[in-house]
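File shown here: structure27.csv, holding CSV, C-alpha atoms.
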```csv
chain,number,residue,atom,x,y,z
Z,1,MET,CA,72.1,52.5,99.5
Z,2,THR,CA,68.4,53.1,99.9
Z,3,ASN,CA,68.5,52.3,103.6
Z,4,SER,CA,71.5,54.5,104.0
Z,5,ALA,CA,69.9,57.5,102.2
Z,6,SER,CA,66.8,57.0,104.4
Z,7,HIS,CA,68.8,57.0,107.5
Z,8,ARG,CA,70.6,60.2,106.5
Z,9,ARG,CA,67.3,61.9,105.8
Z,10,GLN,CA,66.0,60.9,109.2
Z,11,PHE,CA,69.1,62.2,110.8
Z,12,LEU,CA,68.9,65.5,109.0
Z,13,ARG,CA,65.3,65.9,110.0
Z,14,PHE,CA,66.3,65.2,113.6
Z,15,LEU,CA,69.0,67.9,113.4
Z,16,ALA,CA,66.6,70.4,111.9
Z,17,ALA,CA,64.1,69.9,114.7
Z,18,SER,CA,66.8,70.0,117.5
Z,19,PRO,CA,66.7,73.0,119.8
Z,20,LEU,CA,70.4,72.7,120.2
Z,21,VAL,CA,71.1,73.2,116.5
Z,22,THR,CA,68.6,76.0,116.4
Z,23,ASN,CA,70.4,77.8,119.2
Z,24,VAL,CA,73.8,77.3,117.6
Z,25,LEU,CA,72.6,78.7,114.3
Z,26,ALA,CA,70.9,81.6,116.0
Z,27,SER,CA,74.2,82.4,117.7
Z,28,ALA,CA,76.1,82.6,114.5
Z,29,PRO,CA,77.3,86.2,113.9
Z,30,GLY,CA,75.9,86.3,110.4
Z,31,ASP,CA,72.4,85.3,111.6
Z,32,GLN,CA,72.1,87.7,114.5
Z,33,THR,CA,69.1,90.0,114.4
Z,34,VAL,CA,69.7,93.7,114.6
Z,35,LEU,CA,69.5,95.1,118.2
Z,36,SER,CA,66.0,96.4,118.9
Z,37,ASP,CA,66.5,97.5,122.6
Z,38,PRO,CA,69.6,99.0,124.0
Z,39,LYS,CA,69.2,97.0,127.2
Z,40,ASP,CA,69.8,93.8,125.1
Z,41,ALA,CA,73.3,94.9,124.0
Z,42,VAL,CA,76.1,92.6,125.3
Z,43,ASN,CA,78.9,95.0,124.2
Z,44,VAL,CA,79.2,98.3,122.3
Z,45,MET,CA,79.8,96.6,119.0
Z,46,ASP,CA,76.1,95.4,119.1
Z,47,PHE,CA,75.1,99.0,118.4
Z,48,GLU,CA,77.0,99.3,115.1
Z,49,GLU,CA,74.6,97.3,112.9
Z,50,ALA,CA,71.6,99.0,114.5
Z,51,ALA,CA,73.1,102.4,113.7
Z,52,LYS,CA,73.8,101.4,110.1
Z,53,LYS,CA,70.2,100.3,109.7
Z,54,ALA,CA,68.9,103.5,111.2
Z,55,LEU,CA,70.9,105.9,109.1
Z,56,PRO,CA,70.8,106.9,105.4
Z,57,PRO,CA,73.9,106.0,103.4
Z,58,ALA,CA,75.6,109.5,103.4
Z,59,HIS,CA,75.2,109.9,107.1
Z,60,TRP,CA,76.5,106.5,107.8
Z,61,GLY,CA,79.5,107.0,105.5
Z,62,TYR,CA,80.3,110.4,107.1
Z,63,MET,CA,80.6,108.8,110.5
Z,64,ALA,CA,81.8,105.3,109.9
Z,65,THR,CA,84.7,105.7,107.4
Z,66,GLY,CA,88.2,107.1,107.5
Z,67,VAL,CA,90.5,108.5,104.9
Z,68,GLU,CA,91.9,107.0,101.7
Z,69,ASP,CA,91.9,103.2,102.3
Z,70,ASP,CA,90.5,103.4,105.8
Z,71,ALA,CA,93.6,101.6,107.1
Z,72,THR,CA,94.4,103.9,110.0
Z,73,LEU,CA,90.8,103.8,111.1
Z,74,HIS,CA,91.1,100.0,111.5
Z,75,LEU,CA,94.6,100.1,113.0
Z,76,ASN,CA,93.4,102.3,115.8
Z,77,HIS,CA,91.5,99.4,117.3
Z,78,GLU,CA,93.6,96.5,116.1
Z,79,ALA,CA,96.7,97.9,117.8
Z,80,TYR,CA,95.1,97.2,121.2
Z,81,LYS,CA,95.1,93.5,120.4
Z,82,ASN,CA,98.9,93.6,120.5
Z,83,ILE,CA,99.0,94.8,124.1
Z,84,GLN,CA,98.7,92.1,126.7
Z,85,LEU,CA,97.5,92.4,130.3
Z,86,ARG,CA,99.6,91.4,133.2
Z,87,PRO,CA,97.1,90.7,136.1
Z,88,HIS,CA,98.3,90.9,139.7
Z,89,ARG,CA,96.5,88.5,142.1
Z,90,LEU,CA,95.4,88.5,145.7
Z,91,VAL,CA,94.6,92.2,145.8
Z,92,ASP,CA,91.5,93.5,147.6
Z,93,VAL,CA,89.3,94.7,144.7
Z,94,SER,CA,86.0,94.7,146.6
Z,95,LYS,CA,85.8,98.5,146.0
Z,96,ILE,CA,86.8,100.1,142.6
Z,97,ASP,CA,87.6,103.8,142.3
Z,98,MET,CA,87.6,105.1,138.8
Z,99,LYS,CA,87.8,108.8,139.7
Z,100,VAL,CA,90.2,111.0,137.8
Z,101,ASP,CA,91.1,114.7,138.3
Z,102,ILE,CA,91.5,117.0,135.3
Z,103,PHE,CA,92.3,120.7,135.9
Z,104,GLY,CA,90.9,120.5,139.4
Z,105,THR,CA,87.6,118.9,138.5
Z,106,SER,CA,87.0,115.3,139.6
Z,107,TRP,CA,85.2,112.9,137.2
Z,108,GLU,CA,83.7,109.6,138.2
Z,109,THR,CA,85.3,107.8,135.3
Z,110,PRO,CA,88.2,108.4,132.9
Z,111,ILE,CA,86.0,107.8,129.9
Z,112,PHE,CA,85.0,111.1,128.1
Z,113,ILE,CA,82.7,111.8,125.2
Z,114,CYS,CA,84.6,113.0,122.2
Z,115,PRO,CA,83.4,115.8,120.0
Z,116,VAL,CA,81.4,114.6,117.0
Z,117,GLY,CA,79.7,117.2,114.7
Z,118,SER,CA,76.3,117.2,113.2
Z,119,GLN,CA,74.6,114.9,115.7
Z,120,LYS,CA,71.1,115.8,114.4
Z,121,ALA,CA,72.2,114.0,111.3
Z,122,PHE,CA,72.3,110.9,113.4
Z,123,TYR,CA,69.4,111.6,115.7
Z,124,PRO,CA,67.2,114.4,114.3
Z,125,ALA,CA,64.9,114.7,117.3
Z,126,GLU,CA,67.6,116.0,119.7
Z,127,GLY,CA,71.1,115.4,118.4
Z,128,GLU,CA,73.7,116.8,120.9
Z,129,ILE,CA,71.0,117.4,123.5
Z,130,ALA,CA,70.4,113.6,123.9
Z,131,THR,CA,74.2,113.1,124.2
Z,132,ALA,CA,74.4,115.8,126.8
Z,133,ARG,CA,71.6,114.4,128.9
Z,134,ALA,CA,73.3,111.0,128.8
Z,135,ALA,CA,76.6,112.5,129.8
Z,136,ARG,CA,74.8,114.3,132.7
Z,137,ALA,CA,73.0,111.1,133.8
Z,138,LYS,CA,76.2,109.1,133.8
Z,139,HIS,CA,78.5,111.9,135.0
Z,140,HIS,CA,80.9,111.9,132.0
Z,141,LEU,CA,83.0,114.7,130.6
Z,142,GLN,CA,81.6,115.9,127.3
Z,143,ILE,CA,83.5,117.8,124.6
Z,144,LEU,CA,81.3,119.7,122.1
Z,145,SER,CA,82.2,120.0,118.5
Z,146,THR,CA,82.4,123.3,116.6
Z,147,GLN,CA,80.3,121.5,114.0
Z,148,THR,CA,77.5,121.0,116.6
Z,149,SER,CA,74.0,121.2,115.3
Z,150,THR,CA,72.9,122.6,118.6
Z,151,PRO,CA,74.2,125.9,120.1
Z,152,VAL,CA,76.7,125.5,123.0
Z,153,GLU,CA,74.4,127.4,125.3
Z,154,ASP,CA,71.6,124.8,124.8
Z,155,VAL,CA,74.0,121.9,125.3
Z,156,ALA,CA,75.3,123.5,128.5
Z,157,GLN,CA,71.7,123.6,129.8
Z,158,ALA,CA,71.0,120.0,129.0
Z,159,LEU,CA,74.4,118.9,130.4
Z,160,GLY,CA,74.0,120.8,133.6
Z,161,ARG,CA,77.4,122.5,133.2
Z,162,PRO,CA,79.2,124.1,130.2
Z,163,PRO,CA,81.0,121.4,128.1
Z,164,TRP,CA,84.5,121.6,127.0
Z,165,TYR,CA,84.6,123.2,123.5
Z,166,GLN,CA,86.4,121.7,120.6
Z,167,MET,CA,87.4,124.4,118.1
Z,168,TYR,CA,87.9,124.2,114.3
Z,169,MET,CA,89.6,127.6,113.9
Z,170,PRO,CA,87.8,130.0,111.6
Z,171,LEU,CA,89.8,131.3,108.6
Z,172,THR,CA,90.3,134.8,110.0
Z,173,TRP,CA,91.5,135.9,113.4
Z,174,ASP,CA,88.6,138.3,113.9
Z,175,ALA,CA,86.2,135.3,113.4
Z,176,THR,CA,88.3,133.2,115.8
Z,177,GLU,CA,88.1,136.0,118.5
Z,178,LYS,CA,84.3,136.1,118.1
Z,179,MET,CA,84.0,132.3,118.5
Z,180,VAL,CA,86.3,132.1,121.4
Z,181,HIS,CA,84.6,135.0,123.2
Z,182,ARG,CA,81.2,133.4,122.7
Z,183,VAL,CA,82.4,130.1,124.1
Z,184,GLU,CA,84.1,131.8,127.1
Z,185,GLU,CA,80.9,133.7,127.8
Z,186,ALA,CA,79.0,130.4,127.8
Z,187,GLY,CA,81.2,129.3,130.7
Z,188,CYS,CA,83.2,126.6,128.9
Z,189,PRO,CA,86.2,125.8,131.0
Z,190,ALA,CA,88.4,124.4,128.3
Z,191,LEU,CA,89.1,125.2,124.6
Z,192,VAL,CA,90.3,122.2,122.6
Z,193,TRP,CA,91.9,123.3,119.3
Z,194,THR,CA,91.9,120.5,116.7
Z,195,ILE,CA,95.0,120.8,114.6
Z,196,ASP,CA,95.0,117.6,112.6
Z,197,LEU,CA,92.9,118.8,109.7
Z,198,LEU,CA,94.8,122.0,108.8
Z,199,GLY,CA,96.3,120.2,105.8
Z,200,GLY,CA,93.0,118.8,104.5
Z,201,ARG,CA,91.9,115.2,104.0
Z,202,SER,CA,90.5,112.8,101.5
Z,203,THR,CA,87.5,110.8,102.8
Z,204,GLU,CA,87.1,108.5,99.8
Z,205,THR,CA,84.8,105.9,101.3
Z,206,ALA,CA,82.5,108.6,102.7
Z,207,GLU,CA,82.3,110.0,99.2
Z,208,ARG,CA,81.2,106.7,97.8
Z,209,PHE,CA,78.5,106.4,100.4
Z,210,ARG,CA,77.3,109.9,99.7
Z,211,ARG,CA,76.9,109.0,96.0
Z,212,LEU,CA,74.5,106.2,97.0
Z,213,ASP,CA,72.3,108.8,98.7
Z,214,THR,CA,69.7,110.6,96.6
Z,215,ARG,CA,69.0,113.3,99.2
Z,216,ASP,CA,70.7,116.7,99.4
Z,217,CYS,CA,73.1,116.1,102.3
Z,218,THR,CA,74.9,119.4,102.3
Z,219,ALA,CA,72.5,120.9,104.7
Z,220,CYS,CA,73.9,118.5,107.3
Z,221,HIS,CA,77.6,118.3,106.4
Z,222,ALA,CA,80.1,119.1,103.7
Z,223,THR,CA,81.0,116.8,100.8
Z,224,ALA,CA,83.7,114.4,101.4
Z,225,ARG,CA,86.5,116.5,99.9
Z,226,GLY,CA,85.7,119.8,101.7
Z,227,GLY,CA,83.5,122.8,101.3
Z,228,THR,CA,80.9,124.2,103.7
Z,229,THR,CA,77.3,123.3,104.4
Z,230,LYS,CA,74.5,125.3,102.9
Z,231,VAL,CA,73.0,126.1,106.3
Z,232,PRO,CA,75.6,127.6,108.7
Z,233,LYS,CA,76.0,125.6,111.9
Z,234,PRO,CA,75.0,127.4,115.1
Z,235,MET,CA,78.6,128.2,116.2
Z,236,PHE,CA,79.3,129.8,112.8
Z,237,ARG,CA,76.4,132.2,112.6
Z,238,GLY,CA,77.7,135.7,112.2
Z,239,ILE,CA,81.1,134.3,111.2
Z,240,PRO,CA,82.4,134.1,107.6
Z,241,PRO,CA,82.2,130.5,106.3
Z,242,GLY,CA,85.2,128.2,106.3
Z,243,PHE,CA,87.7,127.0,108.9
Z,244,ASN,CA,91.0,125.3,109.4
Z,245,PRO,CA,93.5,127.9,108.1
Z,246,PRO,CA,96.4,126.1,106.5
Z,247,GLU,CA,98.8,128.9,107.4
Z,248,ALA,CA,98.4,128.3,111.1
Z,249,THR,CA,101.6,127.8,113.0
Z,250,TRP,CA,102.8,127.4,116.7
Z,251,ASP,CA,102.5,131.2,116.9
Z,252,TYR,CA,98.7,130.8,116.9
Z,253,VAL,CA,99.0,128.9,120.2
Z,254,ASP,CA,100.6,132.0,121.7
Z,255,ARG,CA,97.8,134.1,120.4
Z,256,LEU,CA,95.1,131.8,121.8
Z,257,LYS,CA,96.8,131.8,125.2
Z,258,LYS,CA,96.6,135.6,125.2
Z,259,LEU,CA,93.1,135.6,124.0
Z,260,THR,CA,91.4,133.4,126.6
Z,261,LYS,CA,91.6,132.3,130.2
Z,262,MET,CA,90.1,129.0,129.3
Z,263,LYS,CA,92.4,126.0,129.6
Z,264,LEU,CA,93.9,125.4,126.1
Z,265,LEU,CA,94.4,121.8,124.8
Z,266,LEU,CA,95.7,120.7,121.5
Z,267,LYS,CA,93.9,117.8,119.8
Z,268,GLY,CA,95.7,115.9,117.1
Z,269,ILE,CA,99.2,115.7,118.6
Z,270,GLU,CA,100.9,112.3,117.6
Z,271,THR,CA,104.6,112.8,118.2
Z,272,GLY,CA,107.0,113.5,121.1
Z,273,GLU,CA,108.4,116.5,119.2
Z,274,ASP,CA,105.1,118.2,118.9
Z,275,ALA,CA,104.3,117.4,122.5
Z,276,SER,CA,107.6,119.1,123.5
Z,277,MET,CA,106.6,122.2,121.5
Z,278,ALA,CA,103.2,122.2,123.1
Z,279,ARG,CA,104.8,122.1,126.6
Z,280,GLU,CA,107.2,124.9,125.6
Z,281,ARG,CA,104.3,127.1,124.4
Z,282,GLY,CA,102.4,126.7,127.7
Z,283,VAL,CA,99.6,124.4,126.5
Z,284,ASP,CA,97.5,123.1,129.3
Z,285,GLY,CA,96.7,119.7,127.9
Z,286,ILE,CA,97.1,117.4,124.9
Z,287,ILE,CA,94.7,115.0,123.2
Z,288,VAL,CA,96.5,112.3,121.2
Z,289,SER,CA,94.2,111.8,118.3
Z,290,ASN,CA,94.2,111.1,114.5
Z,291,HIS,CA,90.6,112.1,114.2
Z,292,GLY,CA,89.4,108.5,114.5
Z,293,GLY,CA,91.5,107.6,111.4
Z,294,ARG,CA,89.8,110.6,109.5
Z,295,ALA,CA,92.8,112.9,109.3
Z,296,SER,CA,95.8,111.4,107.5
Z,297,GLU,CA,96.5,107.9,106.4
Z,298,ASP,CA,99.6,107.7,108.6
Z,299,LEU,CA,99.1,104.0,109.5
Z,300,ARG,CA,99.9,104.6,113.1
Z,301,ALA,CA,97.4,104.0,115.8
Z,302,THR,CA,96.9,106.6,118.6
Z,303,ILE,CA,97.8,104.0,121.3
Z,304,GLN,CA,101.1,103.6,119.5
Z,305,SER,CA,101.7,107.4,119.6
Z,306,LEU,CA,100.6,107.8,123.2
Z,307,PRO,CA,103.8,106.7,125.1
Z,308,GLU,CA,106.2,109.1,123.4
Z,309,VAL,CA,103.7,112.0,123.8
Z,310,VAL,CA,103.2,111.3,127.5
Z,311,GLU,CA,107.0,111.2,128.0
Z,312,ALA,CA,107.6,114.5,126.1
Z,313,ALA,CA,104.7,116.3,127.7
Z,314,GLY,CA,106.0,115.7,131.2
Z,315,LYS,CA,104.1,115.2,134.5
Z,316,ASP,CA,102.4,118.6,134.6
Z,317,ILE,CA,100.4,118.3,131.4
Z,318,PRO,CA,97.5,115.9,131.3
Z,319,VAL,CA,97.5,113.8,128.1
Z,320,MET,CA,94.3,112.3,126.9
Z,321,VAL,CA,93.7,109.9,124.0
Z,322,ASP,CA,91.0,108.8,121.6
Z,323,GLY,CA,90.7,106.4,118.7
Z,324,GLY,CA,89.6,102.8,118.4
Z,325,ILE,CA,88.3,102.3,122.0
Z,326,ARG,CA,85.8,99.5,121.9
Z,327,ARG,CA,86.3,97.7,125.2
Z,328,GLY,CA,86.9,98.6,128.8
Z,329,ALA,CA,90.2,96.7,128.5
Z,330,ASP,CA,91.2,99.2,125.8
Z,331,VAL,CA,90.6,102.0,128.3
Z,332,PHE,CA,92.7,100.2,130.9
Z,333,LYS,CA,95.6,99.8,128.4
Z,334,ALA,CA,95.5,103.5,127.5
Z,335,LEU,CA,95.5,104.5,131.2
Z,336,ALA,CA,98.5,102.1,131.7
Z,337,LEU,CA,100.4,103.9,129.0
Z,338,GLY,CA,99.9,107.2,130.7
Z,339,ALA,CA,96.6,108.7,129.5
Z,340,ARG,CA,94.8,110.7,132.1
Z,341,ALA,CA,91.4,110.1,130.3
Z,342,VAL,CA,90.2,108.1,127.3
Z,343,GLY,CA,87.7,109.3,124.7
Z,344,ILE,CA,85.0,107.4,122.7
Z,345,GLY,CA,83.5,108.6,119.5
Z,346,ARG,CA,81.8,106.2,117.1
Z,347,PRO,CA,80.4,103.8,119.8
Z,348,TYR,CA,78.2,106.5,121.5
Z,349,ILE,CA,77.2,107.8,118.1
Z,350,TRP,CA,76.0,104.3,117.2
Z,351,GLY,CA,73.9,104.3,120.4
Z,352,LEU,CA,72.6,107.8,119.6
Z,353,SER,CA,71.7,106.9,116.0
Z,354,ALA,CA,69.8,103.8,116.9
Z,355,PHE,CA,68.1,104.8,120.3
Z,356,GLY,CA,68.9,108.4,121.2
Z,357,GLN,CA,69.8,109.1,124.9
Z,358,PRO,CA,69.1,105.5,126.1
Z,359,GLY,CA,71.5,104.2,123.5
Z,360,VAL,CA,74.3,106.6,124.6
Z,361,GLU,CA,73.7,105.7,128.2
Z,362,ARG,CA,73.9,102.0,127.5
Z,363,VAL,CA,77.2,102.4,125.7
Z,364,LEU,CA,78.6,104.3,128.6
Z,365,ASP,CA,77.4,101.7,131.1
Z,366,LEU,CA,78.9,98.8,129.1
Z,367,LEU,CA,82.3,100.4,128.9
Z,368,ARG,CA,82.3,101.3,132.6
Z,369,ALA,CA,81.3,97.8,133.5
Z,370,GLU,CA,84.1,96.3,131.4
Z,371,LEU,CA,86.6,98.7,132.8
Z,372,THR,CA,85.5,97.9,136.4
Z,373,LEU,CA,85.9,94.2,135.6
Z,374,THR,CA,89.4,94.6,134.0
Z,375,MET,CA,90.5,96.7,137.0
Z,376,ARG,CA,89.4,93.9,139.4
Z,377,GLN,CA,90.9,91.2,137.2
Z,378,CYS,CA,94.3,93.0,137.1
Z,379,GLY,CA,94.3,93.9,140.8
Z,380,THR,CA,94.1,97.7,140.5
Z,381,PRO,CA,91.3,99.0,142.8
Z,382,SER,CA,91.9,102.6,141.7
Z,383,VAL,CA,92.8,104.3,138.4
Z,384,LYS,CA,95.9,105.8,140.1
Z,385,GLN,CA,97.3,102.3,140.5
Z,386,ILE,CA,97.2,101.5,136.8
Z,387,THR,CA,100.7,101.6,135.5
Z,388,ARG,CA,102.8,100.1,132.7
Z,389,SER,CA,103.6,97.2,135.0
Z,390,TYR,CA,100.1,95.9,134.2
Z,391,ILE,CA,100.6,95.5,130.5
Z,392,SER,CA,103.1,94.1,128.0
Z,393,LYS,CA,103.3,94.2,124.3
Z,394,ALA,CA,102.9,90.9,122.4
```
Any chance you could give the structure as structure tokens?
Amino acid sequence: MTNSASHRRQFLRFLAASPLVTNVLASAPGDQTVLSDPKDAVNVMDFEEAAKKALPPAHWGYMATGVEDDATLHLNHEAYKNIQLRPHRLVDVSKIDMKVDIFGTSWETPIFICPVGSQKAFYPAEGEIATARAARAKHHLQILSTQTSTPVEDVAQALGRPPWYQMYMPLTWDATEKMVHRVEEAGCPALVWTIDLLGGRSTETAERFRRLDTRDCTACHATARGGTTKVPKPMFRGIPPGFNPPEATWDYVDRLKKLTKMKLLLKGIETGEDASMARERGVDGIIVSNHGGRASEDLRATIQSLPEVVEAAGKDIPVMVDGGIRRGADVFKALALGARAVGIGRPYIWGLSAFGQPGVERVLDLLRAELTLTMRQCGTPSVKQITRSYISKA
């Protein structure tokens, strides 16, 4: 027994000193060090922990969590795992063309930057300016949130062109007119009315994170269950506080169409019935979205809603989608199901929170590289060739 114990000790000492074992242990997910340089990221998920480390609890909770049990938030991404790729072989994929056309403008990639509010809460130095500069450097479409911490005019200058503008409708029509006219004067080509929060929401997990924070966070964002910030956001200056009128109906679409010459999109459509109504009302575009799982706990991923919306919208209305995109393959699958463009939210905010503009750029680079690889592997040298024949559901 003594010799056996001695041999075991010698073997364990050998293992402890072995570079092989050291490398295996270092590669274990639980033992990874937090990303310190955006260039070291292997995929966009590498930025999540770095962002969590960089942010105070309330700001992390505001961005990272969904509503009620956070189930819809997680389903948004998990649903992509049930969609299989059907690669086609022996196709010339030496050149990949990711260009897409939306309202007469050509973009180098179908990946767009979703509206996320209060970006100075995540990167106080520049906020939305850093995101805009990254979008400009990488030639991506950017949609600016009404809850931006930077005026639309400044973002347009950093972006090199006016962004699309996502609107939370003010509570009165007079205030809505003021906001829309300002955005139109800034040169924004598209108005994206978000309609999935008109009934309110319950962000319980965000509230729990907020209670862990000893700072006064209402200068950055509202509490989890509603209310307004103490300091008006730039796009609400001169406008009475409050937004998302619960009495809004489809008649408001008609009023907006008469009010502005900007392209009008509805963000938050999840059913074919609503897509048909949008088409009948003359809406120019649709974004299939559940607010990243932050609207209602409907337990339905946006990628599951996409096909029926595309079918009901018809060929003349571009349908875009967001929610749960973490891989280039996810982008490919959404395109195969009829999306004209695919939006990312949390991943670029992770990059912004941890590293500012370089972090956002690296996130965009990783997703584009993965999409390029998926297109090559599936035998689709251009986005126009990506159809449902390249995917199947498990």
Item to check | Point-to-point distance in Å for CA of Val183 in chain Z and CA of Ala64 in chain Z | outcome: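 Spanning CA of Ala64 in chain Z to CA of Val183 in chain Z is a straight-line distance of 28.6 Å.
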Next on the checklist: So that I can check the surroundings of range 194-200 of chain Z, please list as number ranges by chain every protein, DNA and RNA residue that reaches within 6 Å of it, counting only C-alpha atoms and ignoring chain neighbours fewer than 6 positions away.
Outcome noted: Z: 168, 244, 246, 267-268, 295
Checklist entry - How many Å lie between CA of Lys95 in chain Z and CA of Ile386 in chain Z, rounded to one decimal? => result 15.0 Å
Item to check | Contacts of Lys258 in chain Z at 12 Å (only C-alpha atoms; same-chain gap of 5+ positions) as number ranges by chain | outcome: Z: 177, 180, 251-253, 263-264, 281-283
Next on the checklist: Just the number, please: distance in Å from CA of His74 in chain Z to CA of Ser202 in chain Z, one decimal.
Outcome noted: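 One can read the CA of His74 in chain Z to CA of Ser202 in chain Z distance as 16.3 Å.
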Item to check | Non-local contacts of Gly127 in chain Z (10 Å; only C-alpha atoms; under 2 positions in same chain excluded) as number ranges by chain | outcome: Z: 117-125, 129-132, 148-150, 155, 349, 352-353, 356-357
Item to check | Residues near Asp213 in chain Z, cut-off 8 Å, all atoms listed in the file, skip fewer than 2 positions along chain, as a ChimeraX atom specification | outcome: /Z:56-58,209-211,215
Checklist entry - Ala301 in chain Z: which residues within 8 Å, counting all atoms listed in the file, same-chain residues fewer than 3 positions away excluded, as a list in words? => result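 In the requested format, the answer is Thr72, Leu75, Asn76, His77, Ala79, Asn290, Gln304, Ser305 and Gly323 of chain Z.
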Checklist outcome for this item: Nearest to Tyr390 in chain Z, restricted to all atoms listed in the file and choosing among Z:Val44, Z:Cys378, Z:Val288, Z:Ile96, comes out as Z:Cys378
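Compared by their closest atoms to Gly242 in chain Z, and using only C-alpha atoms, the residues Z:Gly379, Z:Pro38, Z:Pro170, Z:Gly292 rank with Z:Pro170 nearest.
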Is there a way to get, as a PDB file with C-alpha atoms, in the coordinates of the input, all residues within 9 Å of the point (91.7, 98.1, 123.0) in file coordinates, counting all atoms listed in the file?
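selection03.pdb was written with the following content:
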```pdb
ATOM      1  CA  ASN Z  76      93.400 102.300 115.800  1.00  0.00           C
ATOM      2  CA  HIS Z  77      91.500  99.400 117.300  1.00  0.00           C
ATOM      3  CA  GLU Z  78      93.600  96.500 116.100  1.00  0.00           C
ATOM      4  CA  ALA Z  79      96.700  97.900 117.800  1.00  0.00           C
ATOM      5  CA  TYR Z  80      95.100  97.200 121.200  1.00  0.00           C
ATOM      6  CA  LYS Z  81      95.100  93.500 120.400  1.00  0.00           C
ATOM      7  CA  ASN Z  82      98.900  93.600 120.500  1.00  0.00           C
ATOM      8  CA  ILE Z  83      99.000  94.800 124.100  1.00  0.00           C
ATOM      9  CA  ILE Z 303      97.800 104.000 121.300  1.00  0.00           C
ATOM     10  CA  GLY Z 324      89.600 102.800 118.400  1.00  0.00           C
ATOM     11  CA  ILE Z 325      88.300 102.300 122.000  1.00  0.00           C
ATOM     12  CA  ARG Z 326      85.800  99.500 121.900  1.00  0.00           C
ATOM     13  CA  ARG Z 327      86.300  97.700 125.200  1.00  0.00           C
ATOM     14  CA  GLY Z 328      86.900  98.600 128.800  1.00  0.00           C
ATOM     15  CA  ALA Z 329      90.200  96.700 128.500  1.00  0.00           C
ATOM     16  CA  ASP Z 330      91.200  99.200 125.800  1.00  0.00           C
ATOM     17  CA  VAL Z 331      90.600 102.000 128.300  1.00  0.00           C
ATOM     18  CA  PHE Z 332      92.700 100.200 130.900  1.00  0.00           C
ATOM     19  CA  LYS Z 333      95.600  99.800 128.400  1.00  0.00           C
ATOM     20  CA  ALA Z 334      95.500 103.500 127.500  1.00  0.00           C
TER      21      ALA Z 334
END
```
Next on the checklist: (97.1, 111.6, 133.2) in this file's frame - what residues fall within 8 Å of it? Use all atoms listed in the file and give the answer as a PyMOL selection string.
Outcome noted: chain Z and resi 315+317-320+335+338-341
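Of the residues listed (Z:Met63, Z:Ala336, Z:Ala54, Z:Leu171), Z:Leu171 shows the shortest atom-to-atom separation from Glu247 in chain Z; distances use only C-alpha atoms.
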Checklist outcome for this item: Judged by all atoms listed in the file, the minimum distance to Leu259 in chain Z among Z:Met98, Z:Leu191, Z:Val383, Z:Met45 is found for Z:Leu191
Taking only C-alpha atoms, show range 261-288 of chain Z of the given structure as an mmCIF file, in the first residue's frame.
```
data_model
loop_
_atom_site.group_PDB
_atom_site.id
_atom_site.type_symbol
_atom_site.label_atom_id
_atom_site.label_comp_id
_atom_site.auth_asym_id
_atom_site.auth_seq_id
_atom_site.Cartn_x
_atom_site.Cartn_y
_atom_site.Cartn_z
ATOM 1 C CA LYS Z 261 -41.706 61.760 -46.324
ATOM 2 C CA MET Z 262 -39.268 59.466 -44.545
ATOM 3 C CA LYS Z 263 -39.639 55.747 -45.127
ATOM 4 C CA LEU Z 264 -41.825 54.361 -42.349
ATOM 5 C CA LEU Z 265 -41.047 51.004 -40.767
ATOM 6 C CA LEU Z 266 -42.840 49.249 -37.937
ATOM 7 C CA LYS Z 267 -40.599 47.503 -35.408
ATOM 8 C CA GLY Z 268 -42.176 44.842 -33.236
ATOM 9 C CA ILE Z 269 -44.345 42.981 -35.760
ATOM 10 C CA GLU Z 270 -44.505 39.247 -34.944
ATOM 11 C CA THR Z 271 -47.533 37.868 -36.796
ATOM 12 C CA GLY Z 272 -48.730 37.496 -40.342
ATOM 13 C CA GLU Z 273 -51.977 39.263 -39.463
ATOM 14 C CA ASP Z 274 -50.144 42.396 -38.341
ATOM 15 C CA ALA Z 275 -47.838 42.207 -41.359
ATOM 16 C CA SER Z 276 -50.908 42.194 -43.616
ATOM 17 C CA MET Z 277 -52.290 45.239 -41.803
ATOM 18 C CA ALA Z 278 -48.951 47.001 -42.190
ATOM 19 C CA ARG Z 279 -48.969 46.297 -45.931
ATOM 20 C CA GLU Z 280 -52.531 47.575 -46.275
ATOM 21 C CA ARG Z 281 -51.623 50.787 -44.439
ATOM 22 C CA GLY Z 282 -48.738 51.472 -46.791
ATOM 23 C CA VAL Z 283 -45.881 50.791 -44.414
ATOM 24 C CA ASP Z 284 -42.524 50.806 -46.210
ATOM 25 C CA GLY Z 285 -40.782 48.164 -44.136
ATOM 26 C CA ILE Z 286 -41.119 45.799 -41.169
ATOM 27 C CA ILE Z 287 -38.695 44.744 -38.448
ATOM 28 C CA VAL Z 288 -39.638 41.446 -36.826
#
```
